[in-house]
Amino acid sequence: MSDIEVKRKKGESFEAVFRRFSRRQQQSGKVLDVRAGRYFAKKAKPNKVKESKLRSLEKGAKREYLLKTGKIKEEDLRKPTRR
């Protein structure tokens with residue numbers, strides 16, 4: 001992740017070295033870049049998009065058929081269902 005290099009000076013404590021390293025890393029902006037891409041959602045693959053679209057079309061056609069045949073009513077479709 002980081003190409004930041006900090007060498008310990010003679011007589012310098014670990015805390016001081018770590019503080020210098022942290023400061024340099026903060027100034028480089030790499031931490032912000034990593035955090036920005038953390039929740040980046042990738043684009044859906046074309047096959048997945050196609051499958052979901054076909055599935056929704058099938059469901060719509062089935063629902064329409066059930067409505068035409070009178071097996072379900074319009075009001076039943078509007079009721080919120082629990083999953």
# chains A, B, ... in the order shown; residues from 1 in each chain; ligands from 1
$ residues_around --residues "segment 17-21 of chain A" --least-positions-apart "4" --cutoff "8 Å" --atoms "only C-alpha atoms" --output "MDAnalysis selection string"
chainID A and resid 4:8 12:13 25
$ select_by_dssp --residues "chain A" --states "alpha helix (DSSP H)" --output "JSON, numbers by chain"
{"A": [14, 15, 16, 17, 18, 19, 20, 21, 22, 23, 24, 25, 26, 27, 28, 30, 31, 32, 33, 34, 35, 36, 46, 47, 48, 49, 50, 51, 52, 53, 54, 55, 56, 57, 58, 59, 60, 61, 62, 63, 64, 65, 66, 67, 68, 69, 74, 75, 76, 77, 78]}
